[in-house]
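Asker: Got a file for you: protein_39.csv, CSV, C-alpha atoms and all ligand atoms.
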```csv
chain,number,residue,atom,x,y,z
A,1,MET,CA,21.8,18.8,11.8
A,2,ARG,CA,19.6,16.3,9.9
A,3,LYS,CA,16.9,16.9,7.3
A,4,LEU,CA,13.8,15.2,8.7
A,5,GLU,CA,10.8,14.7,6.4
A,6,TYR,CA,7.7,14.2,8.6
A,7,VAL,CA,5.0,12.3,6.8
A,8,TRP,CA,1.4,11.8,7.9
A,9,LEU,CA,-2.1,11.0,6.7
A,10,ASP,CA,-4.7,13.8,6.5
A,11,GLY,CA,-8.4,13.8,7.3
A,12,TYR,CA,-9.8,13.5,3.8
A,13,LYS,CA,-12.6,11.0,3.0
A,14,PRO,CA,-13.2,8.4,1.8
A,15,GLU,CA,-9.4,8.1,1.2
A,16,GLN,CA,-6.8,9.9,3.2
A,17,SER,CA,-3.9,11.6,1.4
A,18,LEU,CA,-0.3,11.9,2.4
A,19,ARG,CA,1.1,15.2,3.7
A,20,SER,CA,4.7,16.1,4.7
A,21,LYS,CA,6.9,18.9,5.9
A,22,VAL,CA,10.5,19.2,6.5
A,23,ARG,CA,12.2,19.8,9.8
A,24,VAL,CA,15.9,20.5,10.2
A,25,ASP,CA,17.0,19.3,13.6
A,26,ASP,CA,19.4,17.0,15.4
A,27,TYR,CA,16.6,14.9,16.9
A,28,VAL,CA,13.3,13.4,15.9
A,29,ASP,CA,10.7,14.7,18.3
A,30,GLU,CA,7.0,15.5,18.4
A,31,TRP,CA,5.9,18.3,16.1
A,32,SER,CA,2.7,20.1,15.2
A,33,PHE,CA,0.8,21.3,12.2
A,34,ASP,CA,-2.3,23.2,11.2
A,35,GLY,CA,-5.1,20.6,11.2
A,36,SER,CA,-7.6,23.1,9.9
A,37,SER,CA,-5.9,22.9,6.5
A,38,THR,CA,-6.0,19.1,6.4
A,39,GLN,CA,-9.6,18.5,7.5
A,40,GLN,CA,-8.4,17.4,10.9
A,41,ALA,CA,-9.3,20.4,13.0
A,42,THR,CA,-11.4,23.6,13.1
A,43,GLY,CA,-9.7,27.0,12.8
A,44,ASP,CA,-10.3,27.9,16.4
A,45,LYS,CA,-8.6,24.8,17.7
A,46,SER,CA,-6.3,24.1,14.7
A,47,ASP,CA,-3.2,22.5,16.3
A,48,CYS,CA,-2.7,18.8,15.7
A,49,ILE,CA,0.3,16.8,16.9
A,50,LEU,CA,2.7,14.7,14.9
A,51,ARG,CA,4.0,11.7,16.9
A,52,PRO,CA,6.9,10.0,15.1
A,53,VAL,CA,6.4,6.2,15.0
A,54,ALA,CA,8.9,5.0,12.3
A,55,GLU,CA,12.1,6.4,11.0
A,56,TYR,CA,13.6,5.7,7.6
A,57,ARG,CA,17.1,6.9,7.4
A,58,THR,CA,18.4,7.0,3.8
A,59,ILE,CA,21.8,5.6,3.0
A,60,ASP,CA,23.1,4.1,-0.2
A,61,ARG,CA,22.6,0.4,0.5
A,62,ILE,CA,22.9,-0.5,-3.2
A,63,ARG,CA,26.4,0.8,-3.4
A,64,ALA,CA,27.2,0.1,0.2
A,65,ASP,CA,28.3,3.7,0.5
A,66,ALA,CA,27.0,5.5,3.6
A,67,THR,CA,28.1,8.9,2.2
A,68,ARG,CA,26.2,8.7,-1.0
A,69,THR,CA,22.4,9.0,-1.2
A,70,ASN,CA,19.8,9.4,-3.9
A,71,PRO,CA,20.2,13.1,-5.0
A,72,GLY,CA,17.1,14.9,-3.8
A,73,LEU,CA,15.9,12.0,-1.7
A,74,GLU,CA,18.6,12.1,1.0
A,75,GLY,CA,17.7,12.6,4.7
A,76,THR,CA,15.4,10.8,7.0
A,77,TYR,CA,11.7,10.1,6.5
A,78,VAL,CA,9.6,10.0,9.6
A,79,MET,CA,6.2,8.3,9.6
A,80,CYS,CA,3.9,10.0,12.1
A,81,GLU,CA,0.6,9.4,13.8
A,82,VAL,CA,-1.7,12.3,14.2
A,83,LEU,CA,-2.9,13.2,17.7
A,84,SER,CA,-5.4,15.9,18.7
A,85,ALA,CA,-4.3,18.9,20.7
A,86,ASP,CA,-5.2,17.0,23.9
A,87,GLY,CA,-2.7,14.2,23.0
A,88,GLU,CA,-5.4,11.6,22.2
A,89,PRO,CA,-5.3,9.7,18.9
A,90,HIS,CA,-7.1,11.7,16.2
A,91,GLU,CA,-10.1,10.1,14.6
A,92,SER,CA,-8.2,9.9,11.3
A,93,ASN,CA,-5.5,7.9,13.0
A,94,THR,CA,-6.1,4.4,11.7
A,95,ARG,CA,-2.7,3.3,12.6
A,96,THR,CA,-3.2,3.4,16.4
A,97,HIS,CA,-6.2,1.0,16.3
A,98,CYS,CA,-4.2,-1.4,14.0
A,99,GLN,CA,-1.1,-1.3,16.1
A,100,SER,CA,-2.9,-2.3,19.3
A,101,LEU,CA,-4.1,-5.5,17.6
A,102,VAL,CA,-1.2,-6.7,15.4
A,103,SER,CA,1.9,-8.4,16.6
A,104,ASP,CA,5.0,-9.3,14.6
A,105,GLU,CA,3.7,-12.8,14.4
A,106,TRP,CA,1.6,-11.6,11.5
A,107,TRP,CA,3.4,-11.1,8.1
A,108,PHE,CA,1.9,-9.1,5.3
A,109,GLY,CA,2.9,-8.9,1.6
A,110,PHE,CA,1.1,-6.1,-0.2
A,111,GLU,CA,1.0,-5.9,-4.0
A,112,GLN,CA,0.4,-2.3,-4.7
A,113,GLU,CA,-0.9,-1.6,-8.2
A,114,TYR,CA,-1.3,2.0,-9.6
A,115,PHE,CA,-1.5,4.0,-12.8
A,116,MET,CA,0.9,6.8,-13.7
A,117,TYR,CA,-1.0,9.8,-15.1
A,118,LYS,CA,0.0,12.9,-17.1
A,119,ASP,CA,-2.2,15.5,-18.8
A,120,GLY,CA,-5.3,13.9,-17.4
A,121,ARG,CA,-4.7,10.4,-18.9
A,122,PRO,CA,-2.6,7.4,-18.3
A,123,LEU,CA,1.1,7.9,-19.1
A,124,GLY,CA,1.8,6.8,-22.7
A,125,TRP,CA,-1.8,7.0,-23.8
A,126,PRO,CA,-2.6,9.0,-27.0
A,127,GLU,CA,-4.3,12.4,-26.7
A,128,LYS,CA,-7.2,11.0,-28.7
A,129,GLY,CA,-8.4,7.4,-28.8
A,130,LYS,CA,-6.9,4.5,-26.9
A,131,PRO,CA,-3.7,2.6,-27.1
A,132,ARG,CA,-3.9,-0.9,-28.7
A,133,PRO,CA,-5.6,-3.5,-26.5
A,134,GLN,CA,-4.0,-5.2,-23.5
A,135,GLY,CA,-1.7,-8.0,-24.2
A,136,ASP,CA,1.9,-6.7,-24.7
A,137,TYR,CA,2.1,-4.5,-21.6
A,138,TYR,CA,2.3,-6.9,-18.7
A,139,CYS,CA,6.0,-7.2,-17.8
A,140,GLY,CA,6.5,-5.5,-21.2
A,141,VAL,CA,9.9,-4.6,-22.6
A,142,GLY,CA,10.7,-1.9,-25.2
A,143,THR,CA,9.3,1.4,-26.3
A,144,GLY,CA,5.6,1.2,-27.1
A,145,ASN,CA,5.2,-1.8,-24.7
A,146,VAL,CA,6.1,0.0,-21.5
A,147,VAL,CA,6.3,3.6,-20.1
A,148,GLY,CA,7.5,5.2,-16.9
A,149,ARG,CA,10.3,2.7,-16.1
A,150,GLU,CA,12.7,5.4,-15.0
A,151,ILE,CA,10.3,6.4,-12.2
A,152,VAL,CA,9.9,2.8,-11.2
A,153,ASP,CA,13.7,2.2,-11.1
A,154,ARG,CA,14.3,5.3,-9.1
A,155,HIS,CA,11.5,4.3,-6.7
A,156,THR,CA,12.9,0.8,-6.2
A,157,GLU,CA,16.3,2.1,-5.4
A,158,ALA,CA,15.0,4.8,-3.1
A,159,CYS,CA,12.9,2.3,-1.1
A,160,MET,CA,15.9,0.0,-0.8
A,161,ASN,CA,18.0,2.9,0.4
A,162,ALA,CA,15.4,3.8,3.0
A,163,ASP,CA,15.3,0.2,4.2
A,164,ILE,CA,11.7,-0.3,3.2
A,165,GLY,CA,10.8,-4.0,2.7
A,166,ILE,CA,10.3,-3.7,-1.1
A,167,THR,CA,10.5,-7.1,-2.7
A,168,GLY,CA,9.8,-6.4,-6.4
A,169,THR,CA,8.1,-4.4,-9.2
A,170,ASN,CA,6.5,-5.2,-12.5
A,171,ALA,CA,4.8,-3.5,-15.4
A,172,GLU,CA,1.0,-4.3,-15.2
A,173,VAL,CA,-1.6,-5.4,-17.7
A,174,ALA,CA,-2.6,-1.9,-18.9
A,175,LEU,CA,-0.2,0.6,-20.5
A,176,GLY,CA,1.0,3.1,-17.8
A,177,GLN,CA,0.0,0.7,-15.0
A,178,TRP,CA,2.6,-0.7,-12.6
A,179,GLU,CA,3.0,-2.7,-9.3
A,180,PHE,CA,5.4,-2.8,-6.5
A,181,GLN,CA,5.4,-5.3,-3.6
A,182,VAL,CA,6.3,-4.7,0.0
A,183,LEU,CA,6.7,-7.4,2.7
A,184,GLY,CA,6.8,-6.7,6.4
A,185,ARG,CA,6.0,-8.0,9.9
A,186,GLY,CA,3.2,-6.5,12.0
A,187,ILE,CA,2.6,-2.8,11.9
A,188,ARG,CA,5.8,-2.2,10.0
A,189,ALA,CA,4.2,-3.7,6.9
A,190,GLY,CA,1.6,-0.8,6.9
A,191,ASP,CA,4.2,1.8,7.7
A,192,ASP,CA,6.4,0.6,4.9
A,193,LEU,CA,3.6,0.6,2.3
A,194,TRP,CA,2.6,4.2,3.2
A,195,MET,CA,6.2,5.3,3.0
A,196,ALA,CA,6.7,3.6,-0.3
A,197,ARG,CA,3.6,5.3,-1.7
A,198,TYR,CA,5.0,8.6,-0.4
A,199,ILE,CA,8.4,8.2,-2.0
A,200,LEU,CA,6.8,7.1,-5.3
A,201,GLN,CA,4.7,10.3,-5.4
A,202,ARG,CA,7.8,12.4,-4.5
A,203,ILE,CA,9.8,10.9,-7.4
A,204,ALA,CA,6.9,11.2,-9.8
A,205,GLU,CA,6.7,15.0,-9.1
A,206,LYS,CA,10.1,15.4,-10.8
A,207,HIS,CA,8.6,14.0,-14.0
A,208,GLY,CA,5.3,15.9,-13.9
A,209,VAL,CA,3.6,12.6,-13.3
A,210,THR,CA,0.8,11.9,-10.8
A,211,ILE,CA,0.2,8.5,-9.2
A,212,ASN,CA,-3.4,7.4,-9.5
A,213,TYR,CA,-4.5,4.8,-6.9
A,214,ALA,CA,-8.1,4.7,-8.1
A,215,PRO,CA,-9.2,1.0,-8.4
A,216,LYS,CA,-10.8,1.5,-11.9
A,217,PRO,CA,-9.5,4.7,-13.5
A,218,GLN,CA,-10.3,3.5,-17.0
A,219,SER,CA,-13.6,1.9,-17.8
A,220,GLY,CA,-13.9,-0.7,-20.5
A,221,ASP,CA,-11.6,-3.5,-21.2
A,222,TRP,CA,-8.8,-2.2,-19.1
A,223,ASN,CA,-7.6,-3.8,-15.9
A,224,GLY,CA,-8.3,-2.1,-12.6
A,225,SER,CA,-5.8,-1.7,-9.8
A,226,GLY,CA,-5.8,-3.8,-6.6
A,227,MET,CA,-3.7,-4.2,-3.5
A,228,HIS,CA,-3.6,-8.0,-3.2
A,229,THR,CA,-2.7,-8.8,0.4
A,230,ASN,CA,-0.7,-11.9,1.2
A,231,PHE,CA,-0.7,-12.8,4.9
A,232,SER,CA,0.2,-15.5,7.4
A,233,ASN,CA,0.6,-16.0,11.1
A,234,GLN,CA,2.6,-18.4,13.2
A,235,LEU,CA,0.0,-21.2,12.9
A,236,MET,CA,-0.1,-21.0,9.1
A,237,ARG,CA,3.7,-20.9,8.7
A,238,GLY,CA,4.4,-23.5,11.3
A,239,GLN,CA,2.0,-26.4,12.0
A,240,GLY,CA,-0.3,-25.5,9.1
A,241,GLY,CA,-2.9,-28.0,7.9
A,242,GLN,CA,-5.7,-28.0,5.3
A,243,HIS,CA,-8.3,-27.3,8.0
A,244,VAL,CA,-6.4,-24.3,9.3
A,245,PHE,CA,-6.5,-22.6,5.9
A,246,GLU,CA,-10.1,-23.6,5.1
A,247,GLN,CA,-11.3,-22.4,8.5
A,248,ALA,CA,-9.5,-19.1,8.0
A,249,CYS,CA,-11.3,-18.7,4.6
A,250,GLN,CA,-14.7,-19.6,6.2
A,251,ILE,CA,-14.2,-17.0,8.9
A,252,LEU,CA,-13.2,-14.3,6.4
A,253,LYS,CA,-16.3,-15.2,4.4
A,254,SER,CA,-18.5,-14.6,7.4
A,255,LYS,CA,-17.1,-11.0,7.6
A,256,HIS,CA,-17.1,-10.3,3.8
A,257,LYS,CA,-19.4,-7.2,4.1
A,258,GLU,CA,-17.3,-5.7,6.8
A,259,ALA,CA,-14.1,-6.3,4.8
A,260,ILE,CA,-15.5,-4.5,1.7
A,261,LYS,CA,-16.3,-1.5,3.9
A,262,VAL,CA,-12.7,-1.0,4.7
A,263,TYR,CA,-11.0,-2.3,1.5
A,264,GLY,CA,-11.2,1.0,-0.4
A,265,SER,CA,-13.9,3.1,-2.1
A,266,ASP,CA,-15.1,2.5,-5.7
A,267,ASN,CA,-14.0,-1.2,-5.4
A,268,ALA,CA,-17.3,-2.3,-7.0
A,269,LYS,CA,-16.1,-0.9,-10.3
A,270,ARG,CA,-13.1,-3.2,-10.1
A,271,LEU,CA,-14.5,-6.4,-8.4
A,272,THR,CA,-16.8,-7.3,-11.3
A,273,GLY,CA,-16.0,-11.0,-11.8
A,274,LYS,CA,-13.9,-10.0,-14.8
A,275,HIS,CA,-10.2,-9.1,-15.2
A,276,GLU,CA,-9.0,-11.7,-12.6
A,277,THR,CA,-11.4,-10.7,-9.9
A,278,GLN,CA,-14.4,-12.1,-8.1
A,279,SER,CA,-17.6,-10.1,-8.0
A,280,ILE,CA,-17.9,-7.8,-4.9
A,281,LYS,CA,-21.2,-9.5,-4.1
A,282,LYS,CA,-19.7,-12.9,-3.9
A,283,PHE,CA,-17.1,-14.6,-1.7
A,284,SER,CA,-15.2,-17.6,-2.8
A,285,TYR,CA,-11.8,-19.2,-2.2
A,286,GLY,CA,-9.8,-21.7,-4.2
A,287,VAL,CA,-6.4,-23.2,-4.8
A,288,SER,CA,-4.5,-21.2,-7.4
A,289,ASP,CA,-7.8,-19.4,-8.3
A,290,ARG,CA,-7.2,-15.8,-9.4
A,291,GLY,CA,-11.0,-15.3,-9.9
A,292,ALA,CA,-11.6,-16.0,-6.2
A,293,SER,CA,-11.8,-13.6,-3.3
A,294,ILE,CA,-9.1,-15.5,-1.4
A,295,ARG,CA,-6.5,-17.5,-3.4
A,296,ILE,CA,-4.8,-20.4,-1.7
A,297,PRO,CA,-1.4,-20.4,-3.4
A,298,VAL,CA,-0.5,-23.7,-4.9
A,299,VAL,CA,2.9,-23.5,-3.1
A,300,THR,CA,1.0,-23.5,0.2
A,301,VAL,CA,-0.8,-26.8,-0.8
A,302,SER,CA,2.3,-28.5,-2.2
A,303,ASN,CA,4.2,-27.5,1.0
A,304,ASP,CA,1.8,-29.8,2.9
A,305,TRP,CA,-0.6,-26.9,3.7
A,306,VAL,CA,2.0,-24.7,5.3
A,307,GLY,CA,2.4,-21.1,4.0
A,308,TYR,CA,0.1,-18.1,3.4
A,309,LEU,CA,-3.1,-16.9,1.9
A,310,GLU,CA,-3.8,-14.1,-0.6
A,311,ASP,CA,-6.8,-11.8,0.0
A,312,ARG,CA,-7.5,-10.4,-3.5
A,313,ARG,CA,-10.3,-8.1,-2.5
A,314,PRO,CA,-8.4,-4.9,-1.2
A,315,ALA,CA,-8.4,-2.0,-3.8
A,316,SER,CA,-5.3,-0.1,-4.7
A,317,ASN,CA,-6.6,2.9,-2.7
A,318,ALA,CA,-7.1,0.9,0.5
A,319,ASP,CA,-5.5,1.9,3.8
A,320,PRO,CA,-3.1,-0.9,4.7
A,321,TYR,CA,-3.7,-0.2,8.4
A,322,LYS,CA,-7.4,-0.9,7.9
A,323,VAL,CA,-6.7,-4.1,5.9
A,324,ILE,CA,-4.3,-5.4,8.5
A,325,ARG,CA,-6.7,-4.6,11.2
A,326,HIS,CA,-9.6,-6.4,9.5
A,327,ILE,CA,-7.7,-9.6,8.9
A,328,VAL,CA,-6.1,-9.8,12.3
A,329,GLU,CA,-9.3,-8.9,14.1
A,330,THR,CA,-11.4,-11.3,12.1
A,331,LEU,CA,-9.0,-14.3,12.5
A,332,SER,CA,-8.2,-13.6,16.1
A,333,GLU,CA,-11.9,-13.9,17.3
B,401,MG,MG,-0.6,-7.4,-10.1
```
Take the structure in this file and express it as C-alpha cells.
Answerer:
Amino acid sequence: MRKLEYVWLDGYKPEQSLRSKVRVDDYVDEWSFDGSSTQQATGDKSDCILRPVAEYRTIDRIRADATRTNPGLEGTYVMCEVLSADGEPHESNTRTHCQSLVSDEWWFGFEQEYFMYKDGRPLGWPEKGKPRPQGDYYCGVGTGNVVGREIVDRHTEACMNADIGITGTNAEVALGQWEFQVLGRGIRAGDDLWMARYILQRIAEKHGVTINYAPKPQSGDWNGSGMHTNFSNQLMRGQGGQHVFEQACQILKSKHKEAIKVYGSDNAKRLTGKHETQSIKKFSYGVSDRGASIRIPVVTVSNDWVGYLEDRRPASNADPYKVIRHIVETLSE
C-alpha cells in the first residue's frame, strides 16, 4: 500500500487555495470530494471528481537512498484536476485550458516570492513597531538579518526529493520574505510550482507559520512579492535574433491589459513604479532593466540575442497556469 496525497485547487476567488486529502491504496486512480465545501458545487449536487495529472513520488535523492525519505513528508503527492460530476472540466480548472495550448517547447522559470507570517505579522517582526529598514535582509546571513531558514532548507530538500524542478532559493529584501525558483517545460512548470507551494505550506504548518502570497502585505517602504516569469520557446533558444525578442515584447505590450487581469489580484499595490517594478498602467521593456515590465536579460543580448525573456508583472499570488496560458496564447497568435 502507498500513502497518496491528492492535491487540488478549490473554487475560491479571486485566488484559488490548495486542498488535499490522503488516500491509502496501491494505485493512483480517480477519486471524488465534497465540492460544496470548496465552493465548487452546490449541496444537492456536491460530488466533484479528482483526476490525477502528475505524480511526485518522494525518495531521498539527496542521500541517494531510496529507503529514506523526509520524516512526515514521505509518500506520493498527486496533482489533480477537478472535474464536475458529469466528467467535464470544472470551471475552476485552469490547468485544462493551459494544457491544451502549451507544449514542452515552452520553458518557464518562476521566481516565487512570499512572506512567512506568525501571530498576524511577518516572521521576525517586533510585536510593536517595525524592524530596521530594508538593506541587510536580501540574501542575509546571521540572526537579526534572516529568519525562517529552517523552513526554507526543509522545503528545498523536500522539493528535490519529490523531483520538483526547484533551482534555488534566497532570502528577499524584506525581513521574513523569501523566494524559491522552479524551472520546467510546458505544463509541468505549472504543476511543479503548485506542488512546491503545497509542500512549503505543509512544512510551515509544523512551525506554526503561514505562507503569505499577497503581492503587497506590508504597505510603506517594504518590498512586495512577485512571481517573475522567465520564458522561452524553440525560436528564442535556437535561431534567436534581436527582432524575435523585440517583436515578442511588442506583442505582449498589445495585450498588457489582458495580462494584468490574470496576473494576480491586488497587483496594483505592488506595481507602483517603485521597488524594482514598472507601474501597472505602463508597459515597457529594456535590456537588464528591473524597472521594466519585461526585462531582456543581458545574457540574452551578449549571447547574440539567443535566450529568454523575463516577464516581471505576475504577482506572487498569480496562478501559473493562467500566466503560462497568457504568454503562450499571446505569442502564438
Ligand atoms: Mg526576487
Asker: So that each row is one residue of chain A with an atom at most 7 Å from ligand MG 401 (chain B), can you give its shortest atom pair and the distance in Å to one decimal, using all atoms listed in the file, rows by chain and rising number, as CSV?
Answerer:
```
residue,atom,partner,partner_atom,distance
A:Glu111,CA,B:MG401,MG,6.5
A:Glu113,CA,B:MG401,MG,6.1
A:Glu172,CA,B:MG401,MG,6.2
A:Glu179,CA,B:MG401,MG,6.0
```
Asker: Selected residues, C-alpha atoms, written as a PDB file, in the frame of the given file, please.
Answerer:
```
ATOM      1  CA  GLU A 111       1.000  -5.900  -4.000  1.00  0.00           C
ATOM      2  CA  GLU A 113      -0.900  -1.600  -8.200  1.00  0.00           C
ATOM      3  CA  GLU A 172       1.000  -4.300 -15.200  1.00  0.00           C
ATOM      4  CA  GLU A 179       3.000  -2.700  -9.300  1.00  0.00           C
TER       5      GLU A 179
END
```
Asker: Looking at A:Trp106, A:Phe115, A:Tyr6, A:Trp222, which one is nearest to Gly135 in chain A, with distances taken over all atoms listed in the file?
Answerer: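 Closest to Gly135 in chain A, using all atoms listed in the file: A:Trp222.
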Asker: Can you tell me, as a list of chain:residue names, which residues sit within 10 Å of (1.0, 0.7, -4.7) in the file's frame, using all atoms listed in the file?
Answerer: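 Neighbouring residues, ordered by chain and number, come to A:Phe110, A:Glu111, A:Gln112, A:Glu113, A:Tyr114, A:Phe115, A:Thr169, A:Trp178, A:Glu179, A:Phe180, A:Gln181, A:Val182, A:Leu193, A:Trp194, A:Ala196, A:Arg197, A:Tyr198, A:Leu200, A:Ile211, A:Asn212, A:Tyr213, A:Ser225, A:Gly226, A:Met227, A:His228, A:Ala315, A:Ser316, A:Asn317, A:Ala318.
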Asker: Quote the spacing between CA of Asp44 in chain A and CA of Thr96 in chain A in Å to one decimal place.
Answerer: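 Interatomic distance here is 25.5 Å.
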Asker: Just give me the gap between CA of Met195 in chain A and CA of Asn170 in chain A in Å, one decimal is fine.
Answerer: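 Spanning CA of Met195 in chain A to CA of Asn170 in chain A is a straight-line distance of 18.7 Å.
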Asker: Find the residues near range 306-311 of chain A: any atom within 9 Å, counting all atoms listed in the file, skip ones fewer than 3 places away on the same chain, and give them as a count of residues only.
Answerer: 30
Asker: Expressed in Å to a single decimal, how great is the separation between CA of Ser265 in chain A and CA of Tyr12 in chain A?
Answerer: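 Going from CA of Ser265 in chain A over to CA of Tyr12 in chain A covers 12.6 Å.
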Asker: Could you check which of A:Ala41, A:Met116, A:Ile166, A:Ser100 is closest to Glu150 in chain A, using all atoms listed in the file?
Answerer: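 Looking only at the distances to Glu150 in chain A, the closest residue turns out to be A:Met116.
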Asker: Got a sec: who's within 7 Å of Asp47 in chain A, counting all atoms listed in the file, leaving out chain neighbours fewer than 2 positions off, as an MDAnalysis selection string?
Answerer: chainID A and resid 32:35 45 49 85
Asker: Excluding same-chain residues fewer than 2 positions from Leu18 in chain A, what lies within 7 Å of it counting only C-alpha atoms, as a list in words?
Answerer: Val7, Trp8, Leu9, Asp10, Gln16, Ser20 and Tyr198 of chain A
Asker: In terms of the shortest atom-to-atom distance over only C-alpha atoms, which of A:Arg2, A:Val141, A:Phe283, A:Thr210 is closest to Gly120 in chain A?
Answerer: A:Thr210
Asker: Between A:Glu5, A:Asp304, A:Asp221, A:Asp191, which one has atoms that come closest to Phe108 in chain A, using only C-alpha atoms?
Answerer: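 Of the candidates, the smallest distance to Phe108 in chain A is held by A:Asp191.
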Asker: What are the closest atom pairs, with distances in Å to one decimal, for each residue of range 216-333 of chain A lying within 12 Å of range 89-95 of chain A, using all atoms listed in the file, rows by chain and rising residue number, as a Markdown table?
Answerer:
```
| residue | atom | partner | partner_atom | distance |
| --- | --- | --- | --- | --- |
| A:Val262 | CA | A:Thr94 | CA | 11.0 |
| A:Ala318 | CA | A:Thr94 | CA | 11.8 |
| A:Asp319 | CA | A:Thr94 | CA | 8.3 |
| A:Pro320 | CA | A:Arg95 | CA | 9.0 |
| A:Tyr321 | CA | A:Arg95 | CA | 5.6 |
| A:Lys322 | CA | A:Thr94 | CA | 6.6 |
| A:Val323 | CA | A:Thr94 | CA | 10.3 |
| A:Ile324 | CA | A:Arg95 | CA | 9.7 |
| A:Arg325 | CA | A:Arg95 | CA | 9.0 |
| A:His326 | CA | A:Thr94 | CA | 11.6 |
```
Asker: Which residue out of A:Asn223, A:Pro14, A:Leu271, A:Arg188 has the minimum interatomic distance to Tyr138 in chain A when all atoms listed in the file are used?
Answerer: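 Nearest candidate to Tyr138 in chain A out of A:Asn223, A:Pro14, A:Leu271, A:Arg188: A:Asn223.
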Asker: Taking (3.5, 0.1, -23.5) in the coordinates of the supplied file, I want to know which residues reach to within 9 Å of it, counting all atoms listed in the file; could you give the answer as a PyMOL selection string?
Answerer: chain A and resi 124-125+131+136-138+140-147+171+174-176
Asker: Let me make sure I understand: among A:Thr76, A:Ser46, A:Ser103, A:Thr167, which one has the smallest atom-to-atom distance to Val24 in chain A if we use all atoms listed in the file?
Answerer: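 Closest to Val24 in chain A, using all atoms listed in the file: A:Thr76.
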Asker: Any idea what's packed within 8 Å of Glu157 in chain A, counting all atoms listed in the file, ignoring anything in its chain fewer than 4 positions away? Could you give it as a list in words?
Answerer: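 So, after excluding close chain neighbours, the residues are Ile62, Asp153 and Asn161 of chain A.
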Asker: Supply range 318-330 of chain A as an mmCIF file, keeping the file's coordinate frame, with N, CA, C and O atoms built in where the input has gaps.
Answerer:
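What landed in rebuild_5.cif:
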```
data_model
loop_
_atom_site.group_PDB
_atom_site.id
_atom_site.type_symbol
_atom_site.label_atom_id
_atom_site.label_comp_id
_atom_site.auth_asym_id
_atom_site.auth_seq_id
_atom_site.Cartn_x
_atom_site.Cartn_y
_atom_site.Cartn_z
ATOM 1 N N ALA A 318 -6.808 1.264 -0.873
ATOM 2 C CA ALA A 318 -7.100 0.900 0.500
ATOM 3 C C ALA A 318 -6.009 1.340 1.458
ATOM 4 O O ALA A 318 -4.849 1.481 1.071
ATOM 5 N N ASP A 319 -6.413 1.562 2.699
ATOM 6 C CA ASP A 319 -5.500 1.900 3.800
ATOM 7 C C ASP A 319 -4.920 0.605 4.339
ATOM 8 O O ASP A 319 -5.682 -0.174 4.903
ATOM 9 N N PRO A 320 -3.614 0.349 4.209
ATOM 10 C CA PRO A 320 -3.100 -0.900 4.700
ATOM 11 C C PRO A 320 -3.333 -1.145 6.197
ATOM 12 O O PRO A 320 -3.485 -2.284 6.631
ATOM 13 N N TYR A 321 -3.396 -0.063 6.965
ATOM 14 C CA TYR A 321 -3.700 -0.200 8.400
ATOM 15 C C TYR A 321 -5.079 -0.831 8.596
ATOM 16 O O TYR A 321 -5.284 -1.670 9.467
ATOM 17 N N LYS A 322 -6.029 -0.391 7.781
ATOM 18 C CA LYS A 322 -7.400 -0.900 7.900
ATOM 19 C C LYS A 322 -7.458 -2.381 7.437
ATOM 20 O O LYS A 322 -8.193 -3.192 7.998
ATOM 21 N N VAL A 323 -6.699 -2.703 6.390
ATOM 22 C CA VAL A 323 -6.700 -4.100 5.900
ATOM 23 C C VAL A 323 -6.078 -5.014 6.908
ATOM 24 O O VAL A 323 -6.627 -6.084 7.213
ATOM 25 N N ILE A 324 -4.952 -4.611 7.465
ATOM 26 C CA ILE A 324 -4.300 -5.400 8.500
ATOM 27 C C ILE A 324 -5.242 -5.639 9.669
ATOM 28 O O ILE A 324 -5.426 -6.753 10.163
ATOM 29 N N ARG A 325 -5.854 -4.544 10.069
ATOM 30 C CA ARG A 325 -6.700 -4.600 11.200
ATOM 31 C C ARG A 325 -7.896 -5.600 10.985
ATOM 32 O O ARG A 325 -8.217 -6.427 11.841
ATOM 33 N N HIS A 326 -8.493 -5.507 9.799
ATOM 34 C CA HIS A 326 -9.600 -6.400 9.500
ATOM 35 C C HIS A 326 -9.201 -7.861 9.556
ATOM 36 O O HIS A 326 -9.881 -8.693 10.151
ATOM 37 N N ILE A 327 -8.095 -8.182 8.914
ATOM 38 C CA ILE A 327 -7.700 -9.600 8.900
ATOM 39 C C ILE A 327 -7.318 -10.111 10.235
ATOM 40 O O ILE A 327 -7.754 -11.194 10.635
ATOM 41 N N VAL A 328 -6.551 -9.330 10.993
ATOM 42 C CA VAL A 328 -6.100 -9.800 12.300
ATOM 43 C C VAL A 328 -7.309 -9.901 13.262
ATOM 44 O O VAL A 328 -7.469 -10.902 13.980
ATOM 45 N N GLU A 329 -8.147 -8.877 13.246
ATOM 46 C CA GLU A 329 -9.300 -8.900 14.100
ATOM 47 C C GLU A 329 -10.235 -10.055 13.825
ATOM 48 O O GLU A 329 -10.678 -10.770 14.718
ATOM 49 N N THR A 330 -10.485 -10.273 12.529
ATOM 50 C CA THR A 330 -11.400 -11.300 12.100
ATOM 51 C C THR A 330 -10.849 -12.711 12.486
ATOM 52 O O THR A 330 -11.577 -13.571 12.992
#
```
